[in-house]
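The file run.cif contains mmCIF, C-alpha atoms:
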```
data_protein
loop_
_atom_site.label_atom_id
_atom_site.label_comp_id
_atom_site.auth_asym_id
_atom_site.auth_seq_id
_atom_site.Cartn_x
_atom_site.Cartn_y
_atom_site.Cartn_z
CA MET C 1 -11.06 -60.31 25.56
CA ARG C 2 -12.18 -61.16 22.09
CA LEU C 3 -15.03 -58.69 22.47
CA LEU C 4 -12.56 -55.98 23.37
CA THR C 5 -10.39 -56.96 20.44
CA LEU C 6 -13.40 -56.81 18.17
CA LEU C 7 -14.40 -53.40 19.50
CA ALA C 8 -10.85 -52.17 19.05
CA PHE C 9 -10.78 -53.28 15.44
CA LEU C 10 -14.19 -51.76 14.78
CA LEU C 11 -13.10 -48.51 16.38
CA ALA C 12 -9.92 -48.51 14.37
CA GLY C 13 -11.98 -49.23 11.29
CA CYS C 14 -14.27 -46.31 12.01
CA LEU C 15 -11.35 -43.97 12.63
CA LEU C 16 -9.66 -45.01 9.44
CA ALA C 17 -12.88 -45.01 7.47
CA PHE C 18 -13.80 -41.45 8.52
CA PRO C 19 -10.50 -39.71 8.91
CA ALA C 20 -9.97 -35.99 9.00
CA TYR C 21 -8.63 -34.93 5.61
CA ALA C 22 -4.93 -34.47 5.99
CA ALA C 23 -3.30 -31.37 4.55
CA ASN C 24 -0.11 -31.53 2.60
CA THR C 25 2.35 -28.68 2.57
CA ASP C 26 5.50 -27.66 0.80
CA THR C 27 7.66 -24.58 1.10
CA ALA C 28 10.07 -22.43 -0.87
CA SER C 29 12.09 -19.43 0.11
CA ILE C 30 11.76 -16.20 -1.86
CA ASP C 31 14.78 -13.94 -1.43
CA ILE C 32 16.08 -10.74 -2.89
CA THR C 33 19.48 -9.21 -2.42
CA VAL C 34 20.04 -5.50 -2.46
CA ASN C 35 23.75 -5.30 -3.00
CA ASP C 36 25.96 -3.09 -0.95
CA THR C 37 25.99 -0.68 -3.80
CA TYR C 38 24.80 2.82 -4.20
CA TYR C 39 22.18 2.94 -6.88
CA VAL C 40 21.51 5.96 -8.93
CA ALA C 41 19.30 6.42 -11.89
CA LEU C 42 19.18 9.05 -14.50
CA THR C 43 16.17 9.62 -16.62
CA ALA C 44 16.89 11.56 -19.73
CA GLY C 45 14.67 14.38 -20.71
CA ALA C 46 13.03 14.81 -24.05
CA ASP C 47 15.13 15.44 -27.12
CA TRP C 48 15.99 19.03 -27.80
CA THR C 49 15.16 20.60 -31.07
CA TYR C 50 16.31 24.13 -31.54
CA THR C 51 16.19 26.51 -34.40
CA ILE C 52 18.89 29.12 -34.53
CA VAL C 53 17.48 32.56 -34.83
CA GLU C 54 18.89 35.93 -35.67
CA ALA C 55 19.47 36.78 -32.04
CA ASP C 56 21.80 33.80 -31.74
CA TYR C 57 23.93 35.20 -34.51
CA LEU C 58 24.03 38.48 -32.70
CA ASN C 59 24.98 36.78 -29.44
CA GLY C 60 27.43 34.43 -31.10
CA TYR C 61 25.90 31.37 -29.50
CA ALA C 62 22.70 29.37 -29.22
CA ALA C 63 21.66 28.05 -25.84
CA SER C 64 18.93 26.17 -24.12
CA GLY C 65 18.43 24.25 -20.93
CA SER C 66 16.35 21.58 -19.40
CA LEU C 67 16.06 19.45 -16.32
CA VAL C 68 17.08 15.84 -16.10
CA ASP C 69 15.81 13.82 -13.18
CA VAL C 70 18.34 12.03 -11.08
CA LEU C 71 17.35 9.52 -8.46
CA ASP C 72 19.62 8.51 -5.66
CA VAL C 73 19.31 5.71 -3.16
CA ALA C 74 20.99 3.85 -0.35
CA GLY C 75 22.97 6.25 1.64
CA ASN C 76 24.67 9.56 1.28
CA ALA C 77 26.18 9.13 -2.11
CA ALA C 78 27.75 11.76 -4.23
CA TYR C 79 27.43 10.96 -7.86
CA GLU C 80 29.38 11.83 -10.88
CA ILE C 81 28.10 12.68 -14.27
CA THR C 82 29.87 11.46 -17.33
CA ALA C 83 29.01 13.26 -20.50
CA GLN C 84 29.97 12.00 -23.91
CA MET C 85 29.04 13.50 -27.22
CA SER C 86 28.59 11.49 -30.35
CA ALA C 87 30.05 12.59 -33.63
CA ALA C 88 28.41 15.87 -34.37
CA THR C 89 27.78 17.55 -37.64
CA TRP C 90 28.40 21.17 -36.78
CA ASP C 91 30.25 23.31 -39.12
CA ALA C 92 33.86 24.12 -38.47
CA GLY C 93 34.22 26.75 -35.81
CA VAL C 94 31.10 25.71 -33.93
CA THR C 95 31.67 24.13 -30.53
CA PHE C 96 29.36 22.51 -28.04
CA GLN C 97 29.30 22.97 -24.30
CA ILE C 98 27.17 21.78 -21.44
CA ASN C 99 26.66 23.18 -17.99
CA VAL C 100 25.58 20.74 -15.32
CA GLU C 101 24.15 22.15 -12.12
CA SER C 102 25.60 25.54 -13.00
CA ALA C 103 29.05 24.16 -12.24
CA GLY C 104 30.47 25.84 -15.28
CA TRP C 105 30.58 25.35 -19.00
CA THR C 106 32.42 22.24 -20.20
CA SER C 107 33.32 21.72 -23.81
CA LEU C 108 32.46 18.43 -25.42
CA THR C 109 34.25 17.26 -28.47
CA ASN C 110 33.46 14.43 -30.79
CA ALA C 111 33.65 11.01 -29.21
CA SER C 112 35.41 12.22 -26.08
CA ALA C 113 34.09 11.80 -22.61
CA THR C 114 34.08 14.49 -20.03
CA VAL C 115 33.63 13.41 -16.44
CA ILE C 116 32.00 15.89 -14.21
CA THR C 117 32.23 14.84 -10.57
CA GLY C 118 30.98 15.97 -7.21
CA LEU C 119 28.01 17.81 -8.50
CA ASP C 120 25.76 17.01 -5.62
CA ALA C 121 25.27 14.78 -2.61
CA GLU C 122 21.90 13.42 -1.77
CA ALA C 123 20.56 11.66 1.26
CA ALA C 124 19.11 8.21 0.74
CA GLY C 125 16.03 8.32 -1.33
CA ASN C 126 16.25 11.95 -2.28
CA GLN C 127 15.32 12.82 -5.78
CA ASP C 128 17.18 15.62 -7.39
CA ASP C 129 16.45 17.49 -10.56
CA LEU C 130 19.65 17.81 -12.47
CA ASP C 131 19.88 21.16 -14.13
CA LEU C 132 21.49 20.78 -17.50
CA GLU C 133 22.05 23.44 -20.12
CA TRP C 134 23.77 23.30 -23.47
CA ARG C 135 25.31 25.96 -25.62
CA LEU C 136 26.52 26.11 -29.16
CA ASN C 137 29.32 28.60 -29.58
CA GLY C 138 30.61 30.06 -32.75
CA ILE C 139 27.28 30.93 -34.27
CA THR C 140 28.51 33.61 -36.57
CA TRP C 141 27.49 34.87 -39.92
CA ALA C 142 30.62 33.37 -41.36
CA ASN C 143 30.37 29.91 -39.80
CA THR C 144 26.84 29.05 -40.79
CA ASP C 145 25.19 29.45 -44.09
CA GLY C 146 21.59 29.21 -42.94
CA SER C 147 20.85 25.83 -44.42
CA ASP C 148 22.47 23.52 -41.88
CA ASP C 149 20.66 20.82 -39.94
CA TRP C 150 22.97 19.80 -37.12
CA THR C 151 22.48 16.84 -34.84
CA CYS C 152 24.41 15.21 -32.05
CA THR C 153 23.69 12.93 -29.16
CA VAL C 154 25.03 13.58 -25.71
CA THR C 155 25.11 10.57 -23.44
CA LEU C 156 24.96 11.30 -19.75
CA THR C 157 25.91 8.59 -17.32
CA CYS C 158 25.16 8.94 -13.67
CA GLN C 159 27.21 6.82 -11.33
CA ALA C 160 27.37 6.78 -7.57
CA ASP C 161 30.67 8.16 -6.38
CA THR C 162 31.26 6.07 -3.29
CA MET I 1 -29.33 -90.99 24.23
CA GLU I 2 -29.02 -89.21 27.56
CA GLU I 3 -25.33 -89.99 27.49
CA GLY I 4 -25.09 -88.46 24.05
CA ARG I 5 -26.81 -85.23 25.25
CA ARG I 6 -24.37 -85.03 28.10
CA ARG I 7 -21.51 -85.44 25.68
CA ASN I 8 -22.97 -82.76 23.47
CA ALA I 9 -23.50 -80.57 26.49
CA ARG I 10 -19.91 -81.04 27.46
CA ALA I 11 -18.86 -80.27 23.93
CA GLY I 12 -21.05 -77.13 23.88
CA PRO I 13 -18.75 -74.44 25.33
CA PRO I 14 -15.81 -75.14 23.02
CA MET I 15 -18.10 -74.92 20.03
CA ARG I 16 -19.51 -71.57 21.17
CA LEU I 17 -16.03 -70.26 21.69
CA ALA I 18 -15.11 -71.40 18.23
CA ALA I 19 -18.17 -69.64 16.87
CA VAL I 20 -17.30 -66.42 18.71
CA ALA I 21 -13.74 -66.69 17.49
CA LEU I 22 -14.99 -67.17 13.96
CA LEU I 23 -17.36 -64.25 14.35
CA GLY I 24 -14.49 -62.17 15.67
CA THR I 25 -12.32 -63.12 12.73
CA ALA I 26 -15.11 -62.26 10.37
CA ALA I 27 -15.57 -58.91 12.08
CA VAL I 28 -11.89 -58.23 11.87
CA LEU I 29 -11.83 -59.09 8.23
CA SER I 30 -14.86 -56.92 7.71
CA ALA I 31 -13.21 -54.00 9.43
CA LEU I 32 -10.07 -54.39 7.40
CA LEU I 33 -12.14 -54.59 4.25
CA THR I 34 -13.91 -51.37 5.21
CA VAL I 35 -10.59 -49.59 5.68
CA SER I 36 -9.48 -50.70 2.29
CA LEU I 37 -12.61 -49.50 0.57
CA ARG I 38 -12.68 -46.14 2.32
CA ALA I 39 -9.13 -45.12 1.64
CA ASP I 40 -8.45 -41.53 2.63
CA ALA I 41 -8.43 -38.85 0.00
CA GLN I 42 -4.86 -38.07 -0.97
CA PHE I 43 -3.45 -34.61 -1.56
CA ASP I 44 -0.01 -33.55 -2.54
CA VAL I 45 1.54 -30.24 -3.47
CA VAL I 46 5.07 -29.69 -4.75
CA VAL I 47 6.34 -26.13 -4.73
CA HIS I 48 8.90 -24.75 -7.14
CA SER I 49 12.50 -24.43 -6.09
CA ASP I 50 13.73 -21.47 -4.08
CA VAL I 51 13.62 -18.09 -5.76
CA VAL I 52 16.73 -15.91 -5.55
CA LEU I 53 16.65 -12.41 -7.00
CA THR I 54 19.08 -9.53 -7.10
CA ALA I 55 17.93 -5.95 -7.22
CA THR I 56 19.54 -3.71 -9.77
CA ASP I 57 19.25 -0.06 -10.54
CA SER I 58 16.69 -1.02 -13.16
CA SER I 59 14.70 -2.76 -10.45
CA PHE I 60 14.67 0.41 -8.39
CA ILE I 61 13.64 2.49 -11.37
CA ALA I 62 10.77 0.07 -11.98
CA GLY I 63 10.01 -0.04 -8.27
CA GLU I 64 9.85 -3.81 -8.33
CA CYS I 65 11.77 -7.00 -8.95
CA LEU I 66 9.84 -9.87 -10.50
CA SER I 67 10.02 -13.64 -10.57
CA LEU I 68 7.51 -15.03 -13.03
CA ASN I 69 5.98 -18.41 -13.84
CA ASN I 70 7.02 -20.46 -10.84
CA ALA I 71 5.30 -23.83 -11.18
CA ILE I 72 3.36 -25.45 -8.36
CA ALA I 73 2.35 -29.05 -9.03
CA TRP I 74 -0.53 -30.74 -7.29
CA ASN I 75 -2.43 -34.00 -7.29
CA ALA I 76 -5.56 -34.80 -5.39
CA SER I 77 -8.15 -37.53 -5.18
CA ALA I 78 -10.91 -35.11 -4.18
CA ASN I 79 -11.85 -31.47 -4.61
CA TRP I 80 -9.12 -29.29 -3.18
CA GLU I 81 -7.90 -25.81 -2.43
CA ILE I 82 -4.39 -24.49 -2.15
CA THR I 83 -3.52 -21.70 0.23
CA VAL I 84 -0.34 -19.71 0.68
CA ARG I 85 1.19 -17.92 3.62
CA SER I 86 4.51 -16.70 4.86
CA LEU I 87 6.20 -18.41 7.75
CA ASN I 88 7.97 -15.14 8.53
CA ALA I 89 6.39 -11.99 9.89
CA ASP I 90 8.66 -9.71 7.86
CA LEU I 91 11.30 -9.91 5.14
CA GLY I 92 14.23 -9.37 7.44
CA GLN I 93 16.62 -6.58 8.24
CA SER I 94 19.14 -4.66 6.22
CA ASN I 95 22.78 -5.42 6.66
CA ASP I 96 23.20 -2.45 8.95
CA GLY I 97 20.15 -3.45 10.98
CA PHE I 98 18.49 -0.09 10.59
CA TYR I 99 15.70 -1.17 8.30
CA THR I 100 13.20 -4.01 8.44
CA LYS I 101 11.51 -4.71 5.12
CA PRO I 102 7.81 -5.35 5.65
CA LEU I 103 6.24 -8.59 4.53
CA SER I 104 3.75 -6.63 2.45
CA ASP I 105 6.61 -5.72 0.10
CA LEU I 106 6.42 -9.32 -1.13
CA GLN I 107 3.46 -9.89 -3.39
CA TRP I 108 2.15 -12.87 -5.31
CA LYS I 109 -0.42 -13.66 -7.95
CA LEU I 110 -1.44 -16.43 -10.25
CA SER I 111 0.46 -15.92 -13.47
CA SER I 112 -2.84 -16.06 -15.31
CA GLN I 113 -4.17 -13.10 -13.36
CA SER I 114 -3.26 -9.46 -13.26
CA SER I 115 -3.84 -8.24 -9.73
CA TRP I 116 -1.22 -8.71 -7.04
CA ASN I 117 -1.82 -9.87 -3.48
CA ALA I 118 0.29 -8.88 -0.52
CA MET I 119 1.84 -11.84 1.25
CA THR I 120 0.53 -12.43 4.75
CA THR I 121 1.17 -14.84 7.58
CA SER I 122 -2.41 -16.11 7.31
CA ASP I 123 -3.45 -18.70 4.77
CA VAL I 124 -4.97 -17.10 1.70
CA GLN I 125 -6.65 -19.16 -0.98
CA VAL I 126 -4.64 -19.30 -4.17
CA THR I 127 -6.88 -21.49 -6.28
CA THR I 128 -9.20 -24.50 -6.16
CA GLY I 129 -9.86 -27.50 -8.33
CA ALA I 130 -11.33 -30.94 -8.76
CA ALA I 131 -9.60 -34.27 -8.33
CA GLY I 132 -6.76 -34.91 -10.68
CA SER I 133 -3.25 -33.72 -11.10
CA SER I 134 -1.70 -30.75 -12.85
CA SER I 135 0.16 -27.56 -12.05
CA PHE I 136 -0.23 -23.82 -12.15
CA ASP I 137 2.19 -20.91 -12.18
CA VAL I 138 2.58 -18.11 -9.70
CA ASP I 139 4.45 -14.82 -9.93
CA TYR I 140 6.23 -12.98 -7.16
CA ARG I 141 7.41 -9.44 -6.89
CA PHE I 142 9.33 -7.48 -4.34
CA LEU I 143 8.39 -3.84 -4.08
CA LEU I 144 11.48 -1.64 -3.97
CA SER I 145 11.90 1.88 -2.71
CA TRP I 146 14.71 4.29 -3.35
CA ALA I 147 13.94 5.95 -0.08
CA LEU I 148 13.67 2.90 2.19
CA ASP I 149 15.58 -0.10 0.94
CA ARG I 150 19.12 -0.44 2.14
CA PRO I 151 21.72 -3.05 1.24
CA GLY I 152 20.79 -6.48 2.55
CA THR I 153 19.17 -9.77 1.74
CA TYR I 154 15.47 -9.88 2.33
CA GLY I 155 13.05 -12.75 1.99
CA ALA I 156 10.63 -15.19 3.54
CA THR I 157 9.77 -18.84 3.52
CA ILE I 158 6.49 -19.33 1.72
CA GLN I 159 4.29 -22.29 2.53
CA TYR I 160 1.66 -23.72 0.21
CA THR I 161 -0.96 -26.02 1.68
CA ILE I 162 -3.37 -28.26 -0.20
CA THR I 163 -6.49 -29.42 1.61
CA ALA I 164 -9.85 -30.94 0.79
CA LEU I 165 -12.69 -28.61 0.09
#
```

Give the structure from the file, written as structure tokens.
Amino acid sequence: MRLLTLLAFLLAGCLLAFPAYAANTDTASIDITVNDTYYVALTAGADWTYTIVEADYLNGYAASGSLVDVLDVAGNAAYEITAQMSAATWDAGVTFQINVESAGWTSLTNASATVITGLDAEAAGNQDDLDLEWRLNGITWANTDGSDDWTCTVTLTCQADT
Amino acid sequence: MEEGRRRNARAGPPMRLAAVALLGTAAVLSALLTVSLRADAQFDVVVHSDVVLTATDSSFIAGECLSLNNAIAWNASANWEITVRSLNADLGQSNDGFYTKPLSDLQWKLSSQSSWNAMTTSDVQVTTGAAGSSSFDVDYRFLLSWALDRPGTYGATIQYTITAL
């Protein structure tokens, strides 16, 4: 009996003296929520710089256009474009208009916002190029003296119209 | 004299038993002493608290949502390695059940490094070290897609394991 006890202790001693290295673990959860919201993103194009030429005087307006990328995600979401012009420095008689997606010319006045809705509807993940043009009306020989340097900033906001 | 031998002979077995018992006690003490001297190497890892992120339109524009510098503390009495794996095979389904975000959209890296690693369900070595105690930071990022991600909460339980090298 004592021999068995001795062997048992020796065996236990061997097991404890040469154990398998135990691993230690710990966990954490990593979660992200995509809200039940329609996300849209608008990436502005490069700044426009335009020099009024004689032909603009003859036409009575100066115009240009560009493309602004609009990204749309998470479902069939129409979006609305809000356009707001900062205080501009045009001469009296000169007005500014924009045309989004050829929906028609909309006049922008200083510090007022014009909401243009329902321009397009995109399926989830579709990327649309937003066609945006601007036009300066009232370019006449009388309104401009040839030495003006006009600037304004137009802020476009793209928001999902859900 | 002969009587004395007989007495000694009669006293013999109890003395041998006592000797065996003493030997047994000594062996037991020896075994216990061996256990004490060969204490097992100890390893411990403590993972940062749960990470909860919310995707925004900016996240989608960037194509990712980041969680940086999450500390993982460790102590070890021998050379060690720490591995990481996901306990979930994917990141779960969208609220409408139409989309299952793949586990590979969750990536990790040591904050001190630049390249990202896709999370897997198999243990992948994060880093190694010598005995001591300290901590290191890890970064996580969820890859986001305008085209694929739908409203929902996605995630996984991440397990870090420290073992002897």

To test your reading of the syntax: which residues would the PyMOL selection byres ((chain I) within 7 of (chain C)) return for the file shown? Reply as a PDB file with C-alpha atoms, in the frame of the given file.
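selection-v3.pdb, written as the output of this step:
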```
ATOM      1  CA  GLY I  24     -14.490 -62.170  15.670  1.00  0.00           C
ATOM      2  CA  ALA I  27     -15.570 -58.910  12.080  1.00  0.00           C
ATOM      3  CA  VAL I  28     -11.890 -58.230  11.870  1.00  0.00           C
ATOM      4  CA  ALA I  31     -13.210 -54.000   9.430  1.00  0.00           C
ATOM      5  CA  LEU I  32     -10.070 -54.390   7.400  1.00  0.00           C
ATOM      6  CA  THR I  34     -13.910 -51.370   5.210  1.00  0.00           C
ATOM      7  CA  VAL I  35     -10.590 -49.590   5.680  1.00  0.00           C
ATOM      8  CA  ARG I  38     -12.680 -46.140   2.320  1.00  0.00           C
ATOM      9  CA  ALA I  39      -9.130 -45.120   1.640  1.00  0.00           C
ATOM     10  CA  ASP I  40      -8.450 -41.530   2.630  1.00  0.00           C
ATOM     11  CA  ALA I  41      -8.430 -38.850   0.000  1.00  0.00           C
ATOM     12  CA  PHE I  43      -3.450 -34.610  -1.560  1.00  0.00           C
ATOM     13  CA  ASP I  44      -0.010 -33.550  -2.540  1.00  0.00           C
ATOM     14  CA  VAL I  45       1.540 -30.240  -3.470  1.00  0.00           C
ATOM     15  CA  VAL I  46       5.070 -29.690  -4.750  1.00  0.00           C
ATOM     16  CA  VAL I  47       6.340 -26.130  -4.730  1.00  0.00           C
ATOM     17  CA  HIS I  48       8.900 -24.750  -7.140  1.00  0.00           C
ATOM     18  CA  SER I  49      12.500 -24.430  -6.090  1.00  0.00           C
ATOM     19  CA  ASP I  50      13.730 -21.470  -4.080  1.00  0.00           C
ATOM     20  CA  VAL I  51      13.620 -18.090  -5.760  1.00  0.00           C
ATOM     21  CA  VAL I  52      16.730 -15.910  -5.550  1.00  0.00           C
ATOM     22  CA  LEU I  53      16.650 -12.410  -7.000  1.00  0.00           C
ATOM     23  CA  THR I  54      19.080  -9.530  -7.100  1.00  0.00           C
ATOM     24  CA  ALA I  55      17.930  -5.950  -7.220  1.00  0.00           C
ATOM     25  CA  ASP I  57      19.250  -0.060 -10.540  1.00  0.00           C
ATOM     26  CA  ILE I  61      13.640   2.490 -11.370  1.00  0.00           C
ATOM     27  CA  TRP I 146      14.710   4.290  -3.350  1.00  0.00           C
ATOM     28  CA  ALA I 147      13.940   5.950  -0.080  1.00  0.00           C
ATOM     29  CA  LEU I 148      13.670   2.900   2.190  1.00  0.00           C
ATOM     30  CA  ASP I 149      15.580  -0.100   0.940  1.00  0.00           C
ATOM     31  CA  ARG I 150      19.120  -0.440   2.140  1.00  0.00           C
ATOM     32  CA  PRO I 151      21.720  -3.050   1.240  1.00  0.00           C
ATOM     33  CA  GLY I 152      20.790  -6.480   2.550  1.00  0.00           C
ATOM     34  CA  THR I 153      19.170  -9.770   1.740  1.00  0.00           C
ATOM     35  CA  TYR I 154      15.470  -9.880   2.330  1.00  0.00           C
ATOM     36  CA  GLY I 155      13.050 -12.750   1.990  1.00  0.00           C
ATOM     37  CA  ALA I 156      10.630 -15.190   3.540  1.00  0.00           C
ATOM     38  CA  THR I 157       9.770 -18.840   3.520  1.00  0.00           C
ATOM     39  CA  ILE I 158       6.490 -19.330   1.720  1.00  0.00           C
ATOM     40  CA  GLN I 159       4.290 -22.290   2.530  1.00  0.00           C
ATOM     41  CA  TYR I 160       1.660 -23.720   0.210  1.00  0.00           C
ATOM     42  CA  THR I 161      -0.960 -26.020   1.680  1.00  0.00           C
ATOM     43  CA  ILE I 162      -3.370 -28.260  -0.200  1.00  0.00           C
ATOM     44  CA  THR I 163      -6.490 -29.420   1.610  1.00  0.00           C
ATOM     45  CA  ALA I 164      -9.850 -30.940   0.790  1.00  0.00           C
TER      46      ALA I 164
END
```

Å distance separating CA of Leu91 in chain I from CA of Arg141 in chain I, one decimal place: 12.7 Å

Got a sec: who's within 8 Å of range 93-110 of chain C, counting only C-alpha atoms, leaving out chain neighbours fewer than 4 positions off, as a PyMOL selection string? chain C and resi 83-88+114+119+130-139+143

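Our summary of the geometry notes that CA of Asp105 in chain I is positioned 21.4 Å from CA of Ala71 in chain I.
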
Between CA of Phe142 in chain I and CA of Ser58 in chain I, what is the distance, to one decimal in Å? 13.2 Å

I'd like to see the residues matched by the PyMOL selection byres ((chain I and resi 70) around 8) on this file, and ideally I'd get them as a PyMOL selection string. chain I and resi 48+67-69+71-72+137-139

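Residues in contact with Arg85 in chain I at up to 8 Å, not including ones fewer than 2 positions away on its chain and judged by only C-alpha atoms, are Thr83, Leu87, Met119, Thr120, Thr121, Ser122, Asp123, Val124, Ile158, Gln159 and Tyr160 of chain I.
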